[in-house]
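**Q** Mind having a look at this structure? Questions to follow.
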Amino acid sequence: MKAVVYKGPRELAVEEVPDARIEDPTDALIRITTTNICGSDLHMYEGRTDVEAGTVLGHENMGVVEDVGSAVGRVSAGDRVSVPFNIACGTCRSCNEGWTSFCERTNPIDGMQGAAYGYANMGPYPGGQAEYLRVPYADFNLLDLPSGDEHENDFTTLSDIFPTGWHGTRLSGLEPGDTVAVFGAGPVGLLAAHSARLQGARGVYVVDHQRDRLALVERFECAPIDATKGDPVEQIMDATAGLGVDRGVEAVGWQAHDPQGDEDPAMVLDELAQVVKAHGGIGVVGVYVPEDPGGPNELAQQGRPAWSYGTFFSKGQQMATGQAPVKRYNRQLRDLIIDGRAKPSELVSHELDLTEAVDAYDKFDKRLDGWTKVLLRPSA
Ligand SMILES: NC(=O)c1ccc[n+]([C@@H]2O[C@H](COP(=O)([O-])OP(=O)(O)OC[C@H]3O[C@@H](n4cnc5c(N)ncnc54)[C@H](O)[C@@H]3O)[C@@H](O)[C@H]2O)c1
Ligand SMILES: [Zn+2]
Ligand SMILES: [Zn+2]
């Protein structure tokens with residue numbers, strides 16, 4: 001089958017790899033209809049992780065069940081499904097508590113909890129930027145979708161970015177009527193903003209320095225804050241009569257940078273501590289890593305951003321972090337899409353054939369104007 005294969009920093013190929021197949025009785029084989037490129041893939045693409053050469057990328061997958069193993073009973077061939085990026089067993093302590101992003105069984109790397117498809121340090125599972133994908137523990141992991149092809153570009157956000165954006169707002173402690181600052185107007189930040197509005201947030205401010213992405217903020221009835229036009233903290237303080245916001249969401253990650261491109265992993269954490277009110281909450285879904293050999297200074301390389309923890313403590317703020325447990329939210333978000341209340345596809349910018357992936361990664365990585373969210377369609 002054809003797949004997108006990581007070769008080395010900024011080097012990919014779309015090439016033939018061995019077909020995905022049923023390996024365990026609890027597996028399903030999915031024929032991919034849509035698979036997305038994610039901001040998380042760029043950390044690997046840029047060589048900022050230790051993902052192995054030869055890895056098939058792709059953790060944002062949906063499609064149609066092609067075949068199931070002998071122990072699979074709930075889903076069957078022909079079902080249209082969304083595949084959460086988390087690979088979870090369904091029976092460990094974390095899974096039982098609803099935290100599939102910290103499954104204790106599926107990641108064989110010592111000390112690591114939580115697995116994903118085609119992702120550095122998340123287990124040996126090939127990704128779905130391919131014609132077919134093997135899904136372990138299929139009965140537990142797969143989400144049913146209505147058959148046909150309606151809402152394809154909305155449903156394709158259910159594997160990661162929509163639940164992750166929603167998770168950011170839940171981690172922040174959002175309540176109806178709250179004001180919210182979201183840092184990052186990438187797909188995750190935009191859908192955190194959309195999620196905040198769906199949950200009754202009052203003012204939602206979304207910070208970025210990319211104009212094309214800020215232009216999308218208004219589609220989700222939120223207020224763009226352009227970091228090239230001045231300190232985002234000051235802009236939000238002015239917009240909130242000096243009060244700051246009730247909640248903050250971090251949707252940038254450790255490669256946060258200024259408009260000139262200089263990286264500083266502490267930058268957004270500092271701004272959140274400043275802009276969120278005393279006793280307010282901060283949800284961090286942008287990824288931070290335990291070590292980053294390519295980081296801008298020694299502390300950053302050790303995965304220890306030097307951020308204003310003192311301000312955070314003095315203001316009695318709360319913070320929660322981590323990979324999103326997609327299954328906690330994807331069923332409800334699917335139904336909001338079907339009911340017409342949620343429209344996450346507003347941010348999709350490109351729908352391409354899988355064979356165009358190499359060029360698409362290059363353009364998306366350069367954050368070229370208008371390249372917000374790329375969907376790939378294998379033609380199998
Ligand atoms: N926790 C999870 O489960 C989970 C899931 C998916 C993605 N992620 C992570 O979420 C983050 C965002 O993902 P994405 O797909 O939207 O990525 P993206 O790279 O497309 O978007 C990030 C945005 O942040 C902006 N940015 C950079 N520095 C900034 C700064 N200092 N202030 C404000 N904005 C800044 C960039 O211009 C960009 O638009 C990434 O770190 C990704 O790895 C986490
Ligand atoms: Zn993703
Ligand atoms: Zn588990």
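Chain labels run A, B, ... following the order of the structure tokens; each chain numbers its residues from 1, and ligands are numbered from 1 in the order shown.
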What residues of the protein or nucleic acid chains come within 12 Å of ligand 3 when you use only C-alpha atoms and all ligand atoms? Reply as an MDAnalysis selection string.
**A** chainID A and resid 86:108 113:115 136:137 140:141 325
**Q** Generate the output file for the selected residues, N, CA and C atoms, as a PDB file, in the first residue's frame.
**A**
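Contents of out16.pdb, freshly written:
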```pdb
ATOM      1  N   ASN A  86      -5.464   8.328  20.225  1.00  0.00           N
ATOM      2  CA  ASN A  86      -4.997   7.487  21.325  1.00  0.00           C
ATOM      3  C   ASN A  86      -5.284   6.026  21.001  1.00  0.00           C
ATOM      4  N   ILE A  87      -4.301   5.162  21.249  1.00  0.00           N
ATOM      5  CA  ILE A  87      -4.530   3.719  21.158  1.00  0.00           C
ATOM      6  C   ILE A  87      -4.643   3.217  22.596  1.00  0.00           C
ATOM      7  N   ALA A  88      -5.831   2.745  22.951  1.00  0.00           N
ATOM      8  CA  ALA A  88      -6.091   2.420  24.348  1.00  0.00           C
ATOM      9  C   ALA A  88      -6.644   1.006  24.472  1.00  0.00           C
ATOM     10  N   CYS A  89      -6.339   0.361  25.618  1.00  0.00           N
ATOM     11  CA  CYS A  89      -6.723  -1.047  25.775  1.00  0.00           C
ATOM     12  C   CYS A  89      -8.158  -1.198  26.260  1.00  0.00           C
ATOM     13  N   GLY A  90      -8.662  -0.186  26.986  1.00  0.00           N
ATOM     14  CA  GLY A  90     -10.040  -0.243  27.472  1.00  0.00           C
ATOM     15  C   GLY A  90     -10.209  -0.928  28.807  1.00  0.00           C
ATOM     16  N   THR A  91      -9.137  -1.530  29.353  1.00  0.00           N
ATOM     17  CA  THR A  91      -9.329  -2.273  30.604  1.00  0.00           C
ATOM     18  C   THR A  91      -8.348  -1.898  31.714  1.00  0.00           C
ATOM     19  N   CYS A  92      -7.330  -1.087  31.430  1.00  0.00           N
ATOM     20  CA  CYS A  92      -6.368  -0.725  32.488  1.00  0.00           C
ATOM     21  C   CYS A  92      -6.990   0.342  33.388  1.00  0.00           C
ATOM     22  N   ARG A  93      -6.258   0.713  34.426  1.00  0.00           N
ATOM     23  CA  ARG A  93      -6.778   1.701  35.373  1.00  0.00           C
ATOM     24  C   ARG A  93      -7.092   3.038  34.681  1.00  0.00           C
ATOM     25  N   SER A  94      -6.124   3.553  33.877  1.00  0.00           N
ATOM     26  CA  SER A  94      -6.367   4.841  33.211  1.00  0.00           C
ATOM     27  C   SER A  94      -7.576   4.763  32.285  1.00  0.00           C
ATOM     28  N   CYS A  95      -7.663   3.706  31.481  1.00  0.00           N
ATOM     29  CA  CYS A  95      -8.790   3.580  30.546  1.00  0.00           C
ATOM     30  C   CYS A  95     -10.110   3.524  31.320  1.00  0.00           C
ATOM     31  N   ASN A  96     -10.121   2.769  32.418  1.00  0.00           N
ATOM     32  CA  ASN A  96     -11.346   2.677  33.212  1.00  0.00           C
ATOM     33  C   ASN A  96     -11.755   4.019  33.791  1.00  0.00           C
ATOM     34  N   GLU A  97     -10.757   4.873  34.063  1.00  0.00           N
ATOM     35  CA  GLU A  97     -11.062   6.184  34.626  1.00  0.00           C
ATOM     36  C   GLU A  97     -11.339   7.218  33.531  1.00  0.00           C
ATOM     37  N   GLY A  98     -11.352   6.790  32.264  1.00  0.00           N
ATOM     38  CA  GLY A  98     -11.676   7.718  31.172  1.00  0.00           C
ATOM     39  C   GLY A  98     -10.470   8.453  30.622  1.00  0.00           C
ATOM     40  N   TRP A  99      -9.252   8.031  31.017  1.00  0.00           N
ATOM     41  CA  TRP A  99      -8.041   8.722  30.568  1.00  0.00           C
ATOM     42  C   TRP A  99      -7.274   7.831  29.592  1.00  0.00           C
ATOM     43  N   THR A 100      -7.887   7.642  28.404  1.00  0.00           N
ATOM     44  CA  THR A 100      -7.284   6.770  27.393  1.00  0.00           C
ATOM     45  C   THR A 100      -5.945   7.313  26.894  1.00  0.00           C
ATOM     46  N   SER A 101      -5.691   8.599  27.101  1.00  0.00           N
ATOM     47  CA  SER A 101      -4.414   9.180  26.677  1.00  0.00           C
ATOM     48  C   SER A 101      -3.271   8.722  27.584  1.00  0.00           C
ATOM     49  N   PHE A 102      -3.589   8.038  28.664  1.00  0.00           N
ATOM     50  CA  PHE A 102      -2.543   7.527  29.557  1.00  0.00           C
ATOM     51  C   PHE A 102      -2.716   6.030  29.770  1.00  0.00           C
ATOM     52  N   CYS A 103      -3.193   5.339  28.725  1.00  0.00           N
ATOM     53  CA  CYS A 103      -3.364   3.880  28.789  1.00  0.00           C
ATOM     54  C   CYS A 103      -2.067   3.240  29.281  1.00  0.00           C
ATOM     55  N   GLU A 104      -2.218   2.314  30.218  1.00  0.00           N
ATOM     56  CA  GLU A 104      -1.035   1.722  30.840  1.00  0.00           C
ATOM     57  C   GLU A 104      -0.532   0.490  30.098  1.00  0.00           C
ATOM     58  N   ARG A 105      -1.224   0.076  29.071  1.00  0.00           N
ATOM     59  CA  ARG A 105      -0.870  -1.186  28.429  1.00  0.00           C
ATOM     60  C   ARG A 105      -0.303  -1.029  27.014  1.00  0.00           C
ATOM     61  N   THR A 106      -0.729  -0.005  26.282  1.00  0.00           N
ATOM     62  CA  THR A 106      -0.457   0.000  24.839  1.00  0.00           C
ATOM     63  C   THR A 106       0.900   0.588  24.451  1.00  0.00           C
ATOM     64  N   ASN A 107       1.571   1.308  25.363  1.00  0.00           N
ATOM     65  CA  ASN A 107       2.897   1.842  25.016  1.00  0.00           C
ATOM     66  C   ASN A 107       3.978   1.001  25.687  1.00  0.00           C
ATOM     67  N   PRO A 108       4.751   0.244  24.887  1.00  0.00           N
ATOM     68  CA  PRO A 108       5.748  -0.654  25.474  1.00  0.00           C
ATOM     69  C   PRO A 108       6.999   0.057  25.993  1.00  0.00           C
ATOM     70  N   GLN A 113       3.249   6.264  29.326  1.00  0.00           N
ATOM     71  CA  GLN A 113       1.837   5.852  29.280  1.00  0.00           C
ATOM     72  C   GLN A 113       1.151   6.576  28.137  1.00  0.00           C
ATOM     73  N   GLY A 114       0.341   5.839  27.392  1.00  0.00           N
ATOM     74  CA  GLY A 114      -0.392   6.437  26.283  1.00  0.00           C
ATOM     75  C   GLY A 114       0.300   6.130  24.977  1.00  0.00           C
ATOM     76  N   ALA A 115      -0.485   5.705  23.983  1.00  0.00           N
ATOM     77  CA  ALA A 115       0.075   5.349  22.681  1.00  0.00           C
ATOM     78  C   ALA A 115      -0.700   6.071  21.579  1.00  0.00           C
ATOM     79  N   PRO A 136      -5.707  -1.423  16.851  1.00  0.00           N
ATOM     80  CA  PRO A 136      -5.797  -2.372  17.969  1.00  0.00           C
ATOM     81  C   PRO A 136      -7.039  -2.096  18.827  1.00  0.00           C
ATOM     82  N   TYR A 137      -7.496  -3.100  19.567  1.00  0.00           N
ATOM     83  CA  TYR A 137      -8.653  -2.967  20.477  1.00  0.00           C
ATOM     84  C   TYR A 137      -9.787  -2.185  19.787  1.00  0.00           C
ATOM     85  N   PHE A 140     -13.201  -1.146  21.370  1.00  0.00           N
ATOM     86  CA  PHE A 140     -13.110  -0.058  22.344  1.00  0.00           C
ATOM     87  C   PHE A 140     -12.799   1.281  21.684  1.00  0.00           C
ATOM     88  N   ASN A 141     -11.865   1.271  20.724  1.00  0.00           N
ATOM     89  CA  ASN A 141     -11.345   2.552  20.232  1.00  0.00           C
ATOM     90  C   ASN A 141     -12.188   3.241  19.162  1.00  0.00           C
ATOM     91  N   PRO A 325      -7.645  12.855  26.066  1.00  0.00           N
ATOM     92  CA  PRO A 325      -8.314  11.556  25.984  1.00  0.00           C
ATOM     93  C   PRO A 325      -9.523  11.694  25.055  1.00  0.00           C
TER      94      PRO A 325
END
```
**Q** Find the residues near ligand 2. Use a cut-off of 8 Å, count only C-alpha atoms and all ligand atoms, and write them as a ChimeraX atom specification.
**A** /A:36-41,58-60,85,159-161
**Q** Give me, as a Markdown table, the closest atom pair and its distance (Å, one decimal) for every residue of chain A within a cut-off of 6 Å of ligand 1, counting only C-alpha atoms and all ligand atoms, rows sorted by chain and rising number.
**A**
```
| residue | atom | partner | partner_atom_place_in_ligand_line | distance |
| --- | --- | --- | --- | --- |
| A:Cys38 | CA | ligand 1 | 15 (O) | 4.7 |
| A:Gly39 | CA | ligand 1 | 15 (O) | 3.3 |
| A:Ser40 | CA | ligand 1 | 43 (O) | 3.5 |
| A:Asp160 | CA | ligand 1 | 5 (C) | 5.8 |
| A:Ile161 | CA | ligand 1 | 6 (C) | 5.6 |
| A:Thr164 | CA | ligand 1 | 3 (O) | 5.2 |
| A:Phe183 | CA | ligand 1 | 33 (C) | 4.8 |
| A:Gly184 | CA | ligand 1 | 24 (O) | 3.7 |
| A:Ala185 | CA | ligand 1 | 39 (O) | 4.8 |
| A:Gly186 | CA | ligand 1 | 21 (O) | 3.5 |
| A:Pro187 | CA | ligand 1 | 16 (O) | 3.9 |
| A:Val188 | CA | ligand 1 | 16 (O) | 3.8 |
| A:Gly189 | CA | ligand 1 | 16 (O) | 5.6 |
| A:Val207 | CA | ligand 1 | 33 (C) | 5.0 |
| A:Asp208 | CA | ligand 1 | 34 (N) | 3.7 |
| A:His209 | CA | ligand 1 | 37 (O) | 5.7 |
| A:Gln210 | CA | ligand 1 | 37 (O) | 5.4 |
| A:Ala251 | CA | ligand 1 | 12 (C) | 4.6 |
| A:Val252 | CA | ligand 1 | 24 (O) | 4.2 |
| A:Gly253 | CA | ligand 1 | 41 (O) | 3.6 |
| A:Ala256 | CA | ligand 1 | 28 (N) | 3.8 |
| A:His257 | CA | ligand 1 | 28 (N) | 4.2 |
| A:Asp258 | CA | ligand 1 | 31 (N) | 5.2 |
| A:Val268 | CA | ligand 1 | 31 (N) | 5.5 |
| A:Val285 | CA | ligand 1 | 1 (N) | 3.8 |
| A:Gly286 | CA | ligand 1 | 10 (O) | 3.6 |
| A:Val287 | CA | ligand 1 | 41 (O) | 4.2 |
| A:Gly322 | CA | ligand 1 | 1 (N) | 5.0 |
| A:Gln323 | CA | ligand 1 | 3 (O) | 3.3 |
| A:Ala324 | CA | ligand 1 | 3 (O) | 3.8 |
```
**Q** Figure out the distance between CA of Asp246 in chain A and CA of Gly280 in chain A, please, to one decimal in Å.
**A**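 The value is 5.2 Å.
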**Q** Just give me the gap between CA of Asp154 in chain A and CA of Phe220 in chain A in Å, one decimal is fine.
**A** 14.1 Å
**Q** Quick one, how far is CA of Gly173 in chain A from CA of Gln235 in chain A?
**A** 23.0 Å
**Q** Quick one: everything within 8 Å of Val135 in chain A, counting only C-alpha atoms, minus sequence neighbours fewer than 2 positions away in the same chain. Send it as a list in words.
**A** Asp27, Ala28, Leu29, Ile30, Val83, Ile87, Leu133, Tyr137, Ala138 and Asn141 of chain A
**Q** So that I have them on file, write out the residues from the current selection with N, CA and C atoms, as a tab-separated table (two decimals), in the first residue's frame.
**A**
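Result file is selection_20.tsv:
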```tsv
chain	number	residue	atom	x	y	z
A	27	ASP	N	-8.09	-6.67	16.60
A	27	ASP	CA	-7.79	-5.59	15.63
A	27	ASP	C	-8.92	-5.38	14.62
A	28	ALA	N	-8.94	-4.20	14.05
A	28	ALA	CA	-9.72	-3.96	12.83
A	28	ALA	C	-8.77	-3.36	11.79
A	29	LEU	N	-9.10	-3.58	10.54
A	29	LEU	CA	-8.36	-2.96	9.45
A	29	LEU	C	-9.27	-1.89	8.84
A	30	ILE	N	-8.74	-0.67	8.73
A	30	ILE	CA	-9.55	0.45	8.23
A	30	ILE	C	-9.03	0.88	6.86
A	83	VAL	N	-11.16	7.27	14.04
A	83	VAL	CA	-10.16	6.57	14.84
A	83	VAL	C	-9.50	7.58	15.79
A	87	ILE	N	-4.30	5.16	21.25
A	87	ILE	CA	-4.53	3.72	21.16
A	87	ILE	C	-4.64	3.22	22.60
A	133	LEU	N	-5.04	1.14	7.66
A	133	LEU	CA	-4.52	1.31	9.02
A	133	LEU	C	-4.98	0.14	9.89
A	137	TYR	N	-7.50	-3.10	19.57
A	137	TYR	CA	-8.65	-2.97	20.48
A	137	TYR	C	-9.79	-2.19	19.79
A	138	ALA	N	-10.16	-2.69	18.62
A	138	ALA	CA	-11.05	-1.93	17.73
A	138	ALA	C	-12.42	-1.66	18.36
A	141	ASN	N	-11.87	1.27	20.72
A	141	ASN	CA	-11.34	2.55	20.23
A	141	ASN	C	-12.19	3.24	19.16
```
**Q** Using only C-alpha atoms, which of the listed residues (A:Val56, A:Ile22, A:Leu333, A:Val72) sits closest to Asp139 in chain A?
**A**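 Closest residue, counting only C-alpha atoms: A:Val72.
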**Q** Tell me, as a count of residues only, which residues lie within 9 Å of range 6-19 of chain A, counting only C-alpha atoms; anything in the same chain fewer than 2 positions away does not count.
**A** 30
**Q** If we count only C-alpha atoms and set the cut-off at 6 Å, which residues sit around range 369-378 of chain A, ignoring sequence neighbours fewer than 2 positions away in its own chain? Please answer as a ChimeraX atom specification.
**A** /A:33-37,131,212,348-354,364,380
**Q** As number ranges by chain, please: the residues near Arg341 in chain A (cut-off 12 Å, only C-alpha atoms, same-chain neighbours under 4 positions excluded).
**A** A: 154, 194-195, 197-199, 220, 332-337
**Q** Kindly save the residues from that selection, with N, CA and C atoms included, as a PDB file, in the first residue's frame.
**A**
```
ATOM      1  N   ASP A 154     -15.904  17.648   8.669  1.00  0.00           N
ATOM      2  CA  ASP A 154     -16.135  17.905  10.098  1.00  0.00           C
ATOM      3  C   ASP A 154     -15.716  16.693  10.919  1.00  0.00           C
ATOM      4  N   HIS A 194     -13.610  27.594  19.365  1.00  0.00           N
ATOM      5  CA  HIS A 194     -14.953  27.136  18.983  1.00  0.00           C
ATOM      6  C   HIS A 194     -15.598  26.395  20.165  1.00  0.00           C
ATOM      7  N   SER A 195     -14.821  25.531  20.822  1.00  0.00           N
ATOM      8  CA  SER A 195     -15.323  24.762  21.970  1.00  0.00           C
ATOM      9  C   SER A 195     -15.751  25.693  23.100  1.00  0.00           C
ATOM     10  N   ARG A 197     -16.810  28.751  22.912  1.00  0.00           N
ATOM     11  CA  ARG A 197     -18.092  29.393  22.563  1.00  0.00           C
ATOM     12  C   ARG A 197     -19.249  28.413  22.720  1.00  0.00           C
ATOM     13  N   LEU A 198     -19.040  27.168  22.264  1.00  0.00           N
ATOM     14  CA  LEU A 198     -20.109  26.169  22.377  1.00  0.00           C
ATOM     15  C   LEU A 198     -20.490  25.932  23.834  1.00  0.00           C
ATOM     16  N   GLN A 199     -19.527  26.151  24.736  1.00  0.00           N
ATOM     17  CA  GLN A 199     -19.798  25.942  26.164  1.00  0.00           C
ATOM     18  C   GLN A 199     -20.235  27.223  26.867  1.00  0.00           C
ATOM     19  N   PHE A 220     -15.376  31.762  14.022  1.00  0.00           N
ATOM     20  CA  PHE A 220     -15.852  31.051  15.209  1.00  0.00           C
ATOM     21  C   PHE A 220     -16.366  32.039  16.281  1.00  0.00           C
ATOM     22  N   GLN A 332     -19.929  13.042  21.877  1.00  0.00           N
ATOM     23  CA  GLN A 332     -20.760  14.241  22.012  1.00  0.00           C
ATOM     24  C   GLN A 332     -20.456  15.251  20.905  1.00  0.00           C
ATOM     25  N   LEU A 333     -19.164  15.378  20.548  1.00  0.00           N
ATOM     26  CA  LEU A 333     -18.795  16.340  19.499  1.00  0.00           C
ATOM     27  C   LEU A 333     -19.328  15.889  18.140  1.00  0.00           C
ATOM     28  N   ARG A 334     -19.299  14.570  17.871  1.00  0.00           N
ATOM     29  CA  ARG A 334     -19.922  14.042  16.643  1.00  0.00           C
ATOM     30  C   ARG A 334     -21.389  14.479  16.589  1.00  0.00           C
ATOM     31  N   ASP A 335     -22.095  14.345  17.715  1.00  0.00           N
ATOM     32  CA  ASP A 335     -23.524  14.660  17.704  1.00  0.00           C
ATOM     33  C   ASP A 335     -23.777  16.164  17.559  1.00  0.00           C
ATOM     34  N   LEU A 336     -22.888  16.990  18.101  1.00  0.00           N
ATOM     35  CA  LEU A 336     -23.023  18.443  17.889  1.00  0.00           C
ATOM     36  C   LEU A 336     -22.829  18.785  16.412  1.00  0.00           C
ATOM     37  N   ILE A 337     -21.944  18.039  15.738  1.00  0.00           N
ATOM     38  CA  ILE A 337     -21.745  18.245  14.290  1.00  0.00           C
ATOM     39  C   ILE A 337     -23.015  17.838  13.546  1.00  0.00           C
TER      40      ILE A 337
END
```
**Q** DSSP on the backbone, then: every residue of range 71-161 of chain A marked alpha helix (DSSP H), written as a list of chain:residue names.
**A**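 These are the residues in question: A:Arg93, A:Ser94, A:Cys95, A:Asn96, A:Ala138, A:Asp139, A:Phe140, A:Asn141, A:Glu152, A:Asn153, A:Asp154, A:Phe155, A:Ile161.
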**Q** Okay, now the selection with C-alpha atoms, as a short mmCIF file (atom, residue, chain, number, x, y, z; two decimals), in the first residue's frame?
**A**
```cif
data_model
loop_
_atom_site.label_atom_id
_atom_site.label_comp_id
_atom_site.auth_asym_id
_atom_site.auth_seq_id
_atom_site.Cartn_x
_atom_site.Cartn_y
_atom_site.Cartn_z
CA ARG A 93 -6.78 1.70 35.37
CA SER A 94 -6.37 4.84 33.21
CA CYS A 95 -8.79 3.58 30.55
CA ASN A 96 -11.35 2.68 33.21
CA ALA A 138 -11.05 -1.93 17.73
CA ASP A 139 -14.30 -2.46 19.66
CA PHE A 140 -13.11 -0.06 22.34
CA ASN A 141 -11.34 2.55 20.23
CA GLU A 152 -16.51 14.14 6.12
CA ASN A 153 -14.48 17.34 6.70
CA ASP A 154 -16.13 17.91 10.10
CA PHE A 155 -15.88 14.30 11.27
CA ILE A 161 -7.99 18.49 16.96
#
```
